[in-house]
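Visitor: Pasting in a structure now, in C-alpha cells, and then I'll have a few things to ask.
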Amino acid sequence: VQLQASGGGLVQAGGSLTLSCAASGRTFSSYVMGWFRQAPGKEREFVAAISWNDGRTYYTDSVKGRFYFSRDNAKNTVYLQMSSLKPEDTAVYYCAASSSSWFSIREKSGAGSFGSWGPGTQVTVSS
C-alpha cells in the first residue's frame with residue numbers, strides 16, 4: 001500500500017484547506033482510511049476516519065462540524081476538507097490505511113490500528 005498526501009500549506013485562521021491522499025498498491029474497498037496529525041512536541045492524534053466501502057465517517061470532537069472526510073472511489077483518493085481553521089489545527093497531517101473493520105477502528109482509532117502511512121503534509125494556521 002502506497003499513500004501520498006498533498007494539499008497542505010499556510011492559511012489564516014478561519015480559512016480553509018483541502019488535503020488529498022492518493023492510494024495505490026491494492027484494492028481498498030474493505031479498508032478504513034484515516035487522517036492523523038502531529039503538532040510539535042505532541043503525540044500523533046487521530047483526526048478522522050472513513051470507511052472506503054460505504055463512506056461512513058468518524059471525527060474527533062475537536063474537528064466535528066469543521067472537517068469533512070470524503071472519498072472518490074474512481075480515483076482511489078480520499079479528501080479532508082478543513083474549514084474554520086484554528087491555530088491549534090497547525091500540525092503535520094498524515095494519511096493512513098487500515099485493513100481492520102470499521103467497528104474495530106471505532107473502538108480503537110489510535111495510530112496502532114493503521115498499518116500503512118504516507119508522508120505527512122504540513123498545515124500551518126496563522127492567527
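Chain identifiers are assigned as A, B, and so on, following the order in which chains appear in the C-alpha cells; residues are numbered from 1 within each chain, and ligands are numbered from 1 in order of appearance.
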What's the 12 Å shell around Ser116 (chain A), counting only C-alpha atoms, without same-chain residues fewer than 5 positions away, as a PyMOL selection string?

Guide: chain A and resi 1-4+23-26+28+31-35+94-100+111

Visitor: Please produce a file of the residues just selected, as a PDB file, in the first residue's frame, where the atoms kept are C-alpha atoms.

Guide:
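And here is the file that came out, result_26.pdb:
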```
ATOM      1  CA  VAL A   1       0.000   0.000   0.000  1.00  0.00           C
ATOM      2  CA  GLN A   2       1.323   3.399  -1.009  1.00  0.00           C
ATOM      3  CA  LEU A   3      -0.206   6.614   0.229  1.00  0.00           C
ATOM      4  CA  GLN A   4       0.662  10.102  -0.934  1.00  0.00           C
ATOM      5  CA  ALA A  23      -3.799   5.416  -2.517  1.00  0.00           C
ATOM      6  CA  SER A  24      -2.290   2.685  -4.652  1.00  0.00           C
ATOM      7  CA  GLY A  25      -0.975  -0.831  -4.433  1.00  0.00           C
ATOM      8  CA  ARG A  26      -4.119  -2.825  -3.842  1.00  0.00           C
ATOM      9  CA  PHE A  28      -9.144  -0.577  -0.938  1.00  0.00           C
ATOM     10  CA  TYR A  31     -10.179  -0.601   4.040  1.00  0.00           C
ATOM     11  CA  VAL A  32     -10.644   2.183   6.529  1.00  0.00           C
ATOM     12  CA  MET A  33      -8.732   5.356   5.754  1.00  0.00           C
ATOM     13  CA  GLY A  34      -7.692   7.802   8.410  1.00  0.00           C
ATOM     14  CA  TRP A  35      -6.148  11.200   8.941  1.00  0.00           C
ATOM     15  CA  TYR A  94      -0.734  12.072   7.871  1.00  0.00           C
ATOM     16  CA  CYS A  95      -2.913   9.843   5.760  1.00  0.00           C
ATOM     17  CA  ALA A  96      -3.179   6.225   6.908  1.00  0.00           C
ATOM     18  CA  ALA A  97      -4.877   2.999   5.879  1.00  0.00           C
ATOM     19  CA  SER A  98      -6.157   0.111   7.949  1.00  0.00           C
ATOM     20  CA  SER A  99      -7.407  -3.318   6.921  1.00  0.00           C
ATOM     21  CA  SER A 100      -9.269  -3.611  10.220  1.00  0.00           C
ATOM     22  CA  ALA A 111      -2.270   5.104  15.262  1.00  0.00           C
TER      23      ALA A 111
END
```

Visitor: Show which residues sit within 10 Å of region 50-60 of chain A, as a compact mmCIF listing (two decimals) with C-alpha atoms, in the first residue's frame. Count only C-alpha atoms, and ignore same-chain residues fewer than 4 positions away.

Guide:
```txt
# COMPACT_ATOMS: atom_id res chain seq x y z
CA PHE A 28 -9.14 -0.58 -0.94
CA SER A 29 -12.83 -1.40 -0.90
CA SER A 30 -12.58 -3.07 2.50
CA TYR A 31 -10.18 -0.60 4.04
CA VAL A 32 -10.64 2.18 6.53
CA MET A 33 -8.73 5.36 5.75
CA GLY A 34 -7.69 7.80 8.41
CA TRP A 35 -6.15 11.20 8.94
CA GLU A 45 -3.51 12.16 17.27
CA PHE A 46 -6.48 10.77 15.40
CA LYS A 64 -16.54 17.94 14.16
CA GLY A 65 -18.52 20.38 12.09
CA ARG A 66 -15.35 21.91 10.61
CA PHE A 67 -13.68 19.00 8.79
CA TYR A 68 -15.28 16.78 6.16
CA PHE A 69 -13.80 13.47 5.05
CA SER A 70 -14.79 12.10 1.67
CA ARG A 71 -13.61 9.58 -0.91
CA ASP A 72 -13.51 9.20 -4.67
CA ASN A 73 -13.53 5.53 -5.46
CA ASN A 76 -8.59 5.91 -5.23
CA THR A 77 -8.29 9.20 -3.43
CA VAL A 78 -9.62 10.50 -0.14
CA TYR A 79 -10.04 14.13 0.81
CA ALA A 97 -4.88 3.00 5.88
CA SER A 98 -6.16 0.11 7.95
CA SER A 101 -13.04 -3.48 10.28
CA TRP A 102 -14.91 -0.23 10.73
CA PHE A 103 -16.13 -1.34 14.12
CA ILE A 105 -11.44 1.31 14.22
CA ARG A 106 -14.34 2.95 16.03
CA SER A 109 -8.81 4.62 16.49
```

Visitor: Nearest residue to Ser113 (chain A) out of A:Ser6, A:Ser62, A:Ala49, A:Gln81, using only C-alpha atoms?

Guide: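 Of all the options, A:Ala49 lies closest to Ser113 (chain A).
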
Visitor: Fewer than 5 positions away in the same chain doesn't count, so skip those; otherwise give me all residues within 8 Å of Asp89 (chain A), counting only C-alpha atoms, as a ChimeraX atom specification.

Guide: /A:123-125

Visitor: What would the file look like if the residues just selected were written as an mmCIF file, in the first residue's frame with N, CA, C and O atoms?

Guide:
```
data_model
loop_
_atom_site.group_PDB
_atom_site.id
_atom_site.type_symbol
_atom_site.label_atom_id
_atom_site.label_comp_id
_atom_site.auth_asym_id
_atom_site.auth_seq_id
_atom_site.Cartn_x
_atom_site.Cartn_y
_atom_site.Cartn_z
ATOM 1 N N VAL A 123 0.405 21.600 7.689
ATOM 2 C CA VAL A 123 -0.680 22.582 7.707
ATOM 3 C C VAL A 123 -0.334 23.601 8.794
ATOM 4 O O VAL A 123 -0.141 23.226 9.951
ATOM 5 N N THR A 124 -0.260 24.854 8.397
ATOM 6 C CA THR A 124 0.051 25.913 9.345
ATOM 7 C C THR A 124 -1.066 26.950 9.302
ATOM 8 O O THR A 124 -1.381 27.472 8.227
ATOM 9 N N VAL A 125 -1.652 27.219 10.448
ATOM 10 C CA VAL A 125 -2.738 28.191 10.548
ATOM 11 C C VAL A 125 -2.239 29.366 11.371
ATOM 12 O O VAL A 125 -1.905 29.218 12.545
#
```

Visitor: Give me, as an MDAnalysis selection string, the residues of chain A that a backbone DSSP run labels alpha helix (DSSP H).

Guide: chainID A and resid 102:107

Visitor: Any chance you can output those residues with all heavy atoms as a PDB file, in the first residue's frame?

Guide:
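Saved result, part-v3.pdb, follows:
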```pdb
ATOM      1  N   TRP A 102     -14.451  -1.534  10.286  1.00  0.00           N
ATOM      2  CA  TRP A 102     -14.908  -0.227  10.731  1.00  0.00           C
ATOM      3  C   TRP A 102     -15.177  -0.232  12.228  1.00  0.00           C
ATOM      4  O   TRP A 102     -14.816   0.694  12.953  1.00  0.00           O
ATOM      5  CB  TRP A 102     -16.165   0.160   9.957  1.00  0.00           C
ATOM      6  CG  TRP A 102     -16.781   1.446  10.424  1.00  0.00           C
ATOM      7  CD1 TRP A 102     -17.923   1.607  11.143  1.00  0.00           C
ATOM      8  CD2 TRP A 102     -16.251   2.757  10.210  1.00  0.00           C
ATOM      9  NE1 TRP A 102     -18.140   2.938  11.381  1.00  0.00           N
ATOM     10  CE2 TRP A 102     -17.148   3.660  10.830  1.00  0.00           C
ATOM     11  CE3 TRP A 102     -15.131   3.248   9.557  1.00  0.00           C
ATOM     12  CZ2 TRP A 102     -16.931   5.038  10.799  1.00  0.00           C
ATOM     13  CZ3 TRP A 102     -14.925   4.621   9.526  1.00  0.00           C
ATOM     14  CH2 TRP A 102     -15.817   5.489  10.144  1.00  0.00           C
ATOM     15  N   PHE A 103     -15.771  -1.286  12.703  1.00  0.00           N
ATOM     16  CA  PHE A 103     -16.127  -1.340  14.117  1.00  0.00           C
ATOM     17  C   PHE A 103     -14.892  -1.401  14.996  1.00  0.00           C
ATOM     18  O   PHE A 103     -14.858  -0.843  16.096  1.00  0.00           O
ATOM     19  CB  PHE A 103     -17.067  -2.523  14.369  1.00  0.00           C
ATOM     20  CG  PHE A 103     -18.352  -2.401  13.604  1.00  0.00           C
ATOM     21  CD1 PHE A 103     -18.563  -3.131  12.453  1.00  0.00           C
ATOM     22  CD2 PHE A 103     -19.327  -1.512  14.014  1.00  0.00           C
ATOM     23  CE1 PHE A 103     -19.728  -3.005  11.730  1.00  0.00           C
ATOM     24  CE2 PHE A 103     -20.505  -1.365  13.308  1.00  0.00           C
ATOM     25  CZ  PHE A 103     -20.703  -2.112  12.156  1.00  0.00           C
ATOM     26  N   SER A 104     -13.852  -2.073  14.508  1.00  0.00           N
ATOM     27  CA  SER A 104     -12.596  -2.126  15.258  1.00  0.00           C
ATOM     28  C   SER A 104     -11.972  -0.746  15.341  1.00  0.00           C
ATOM     29  O   SER A 104     -11.457  -0.339  16.392  1.00  0.00           O
ATOM     30  CB  SER A 104     -11.612  -3.096  14.597  1.00  0.00           C
ATOM     31  OG  SER A 104     -12.101  -4.402  14.620  1.00  0.00           O
ATOM     32  N   ILE A 105     -12.017  -0.024  14.239  1.00  0.00           N
ATOM     33  CA  ILE A 105     -11.445   1.313  14.224  1.00  0.00           C
ATOM     34  C   ILE A 105     -12.239   2.239  15.127  1.00  0.00           C
ATOM     35  O   ILE A 105     -11.675   3.077  15.835  1.00  0.00           O
ATOM     36  CB  ILE A 105     -11.384   1.869  12.796  1.00  0.00           C
ATOM     37  CG1 ILE A 105     -10.413   1.040  11.948  1.00  0.00           C
ATOM     38  CG2 ILE A 105     -10.968   3.339  12.797  1.00  0.00           C
ATOM     39  CD1 ILE A 105      -8.986   1.047  12.439  1.00  0.00           C
ATOM     40  N   ARG A 106     -13.542   2.102  15.148  1.00  0.00           N
ATOM     41  CA  ARG A 106     -14.345   2.950  16.031  1.00  0.00           C
ATOM     42  C   ARG A 106     -14.015   2.699  17.493  1.00  0.00           C
ATOM     43  O   ARG A 106     -14.018   3.616  18.315  1.00  0.00           O
ATOM     44  CB  ARG A 106     -15.847   2.689  15.817  1.00  0.00           C
ATOM     45  CG  ARG A 106     -16.412   3.347  14.579  1.00  0.00           C
ATOM     46  CD  ARG A 106     -16.228   4.861  14.616  1.00  0.00           C
ATOM     47  NE  ARG A 106     -16.726   5.485  15.832  1.00  0.00           N
ATOM     48  CZ  ARG A 106     -17.955   5.963  15.961  1.00  0.00           C
ATOM     49  NH1 ARG A 106     -18.798   5.904  14.952  1.00  0.00           N
ATOM     50  NH2 ARG A 106     -18.346   6.539  17.097  1.00  0.00           N
ATOM     51  N   GLU A 107     -13.672   1.454  17.808  1.00  0.00           N
ATOM     52  CA  GLU A 107     -13.320   1.124  19.197  1.00  0.00           C
ATOM     53  C   GLU A 107     -11.904   1.538  19.531  1.00  0.00           C
ATOM     54  O   GLU A 107     -11.597   1.913  20.664  1.00  0.00           O
ATOM     55  CB  GLU A 107     -13.479  -0.371  19.418  1.00  0.00           C
ATOM     56  CG  GLU A 107     -14.914  -0.833  19.394  1.00  0.00           C
ATOM     57  CD  GLU A 107     -15.144  -2.010  20.330  1.00  0.00           C
ATOM     58  OE1 GLU A 107     -14.179  -2.607  20.800  1.00  0.00           O
ATOM     59  OE2 GLU A 107     -16.327  -2.310  20.579  1.00  0.00           O
TER      60      GLU A 107
END
```

Visitor: Any idea what's packed within 6 Å of region 7-18 of chain A, counting only C-alpha atoms, ignoring anything in its chain fewer than 6 positions away? Could you give it as JSON, numbers by chain?

Guide: {"A": [80, 81, 82, 83, 84, 85, 86, 121, 122, 123, 124, 125, 126, 127]}

Visitor: Which residue, A:Leu19, A:Pro87, A:Val92, A:Gly118, has the smallest gap to Gly41 (chain A) when you use only C-alpha atoms?

Guide: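 Answer, going by the shortest atom-to-atom distance: A:Val92.
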
Visitor: With DSSP run on the backbone, what are the strand (DSSP E) residues within chain A? I'd like them as a ChimeraX atom specification.

Guide: /A:2-6,9-12,17-24,32-38,45-51,57-59,67-72,77-82,91-98,116-117,121-126

Visitor: I'd like the interatomic distance between CA of Ser20 (chain A) and CA of Asp61 (chain A), to a tenth of an Å.

Guide: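 Separation between CA of Ser20 (chain A) and CA of Asp61 (chain A): 21.3 Å.
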
Visitor: Pick the closest to Glu43 (chain A) from A:Lys75, A:Gly115, A:Ala91, A:Val63: which is it, counting only C-alpha atoms?

Guide: A:Ala91

Visitor: Rank A:Ala5, A:Thr90, A:Gly110, A:Lys42 by their smallest atom-to-atom distance to Ala22 (chain A), using only C-alpha atoms, and report the top residue only.

Guide: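 Nearest to Ala22 (chain A): A:Ala5.
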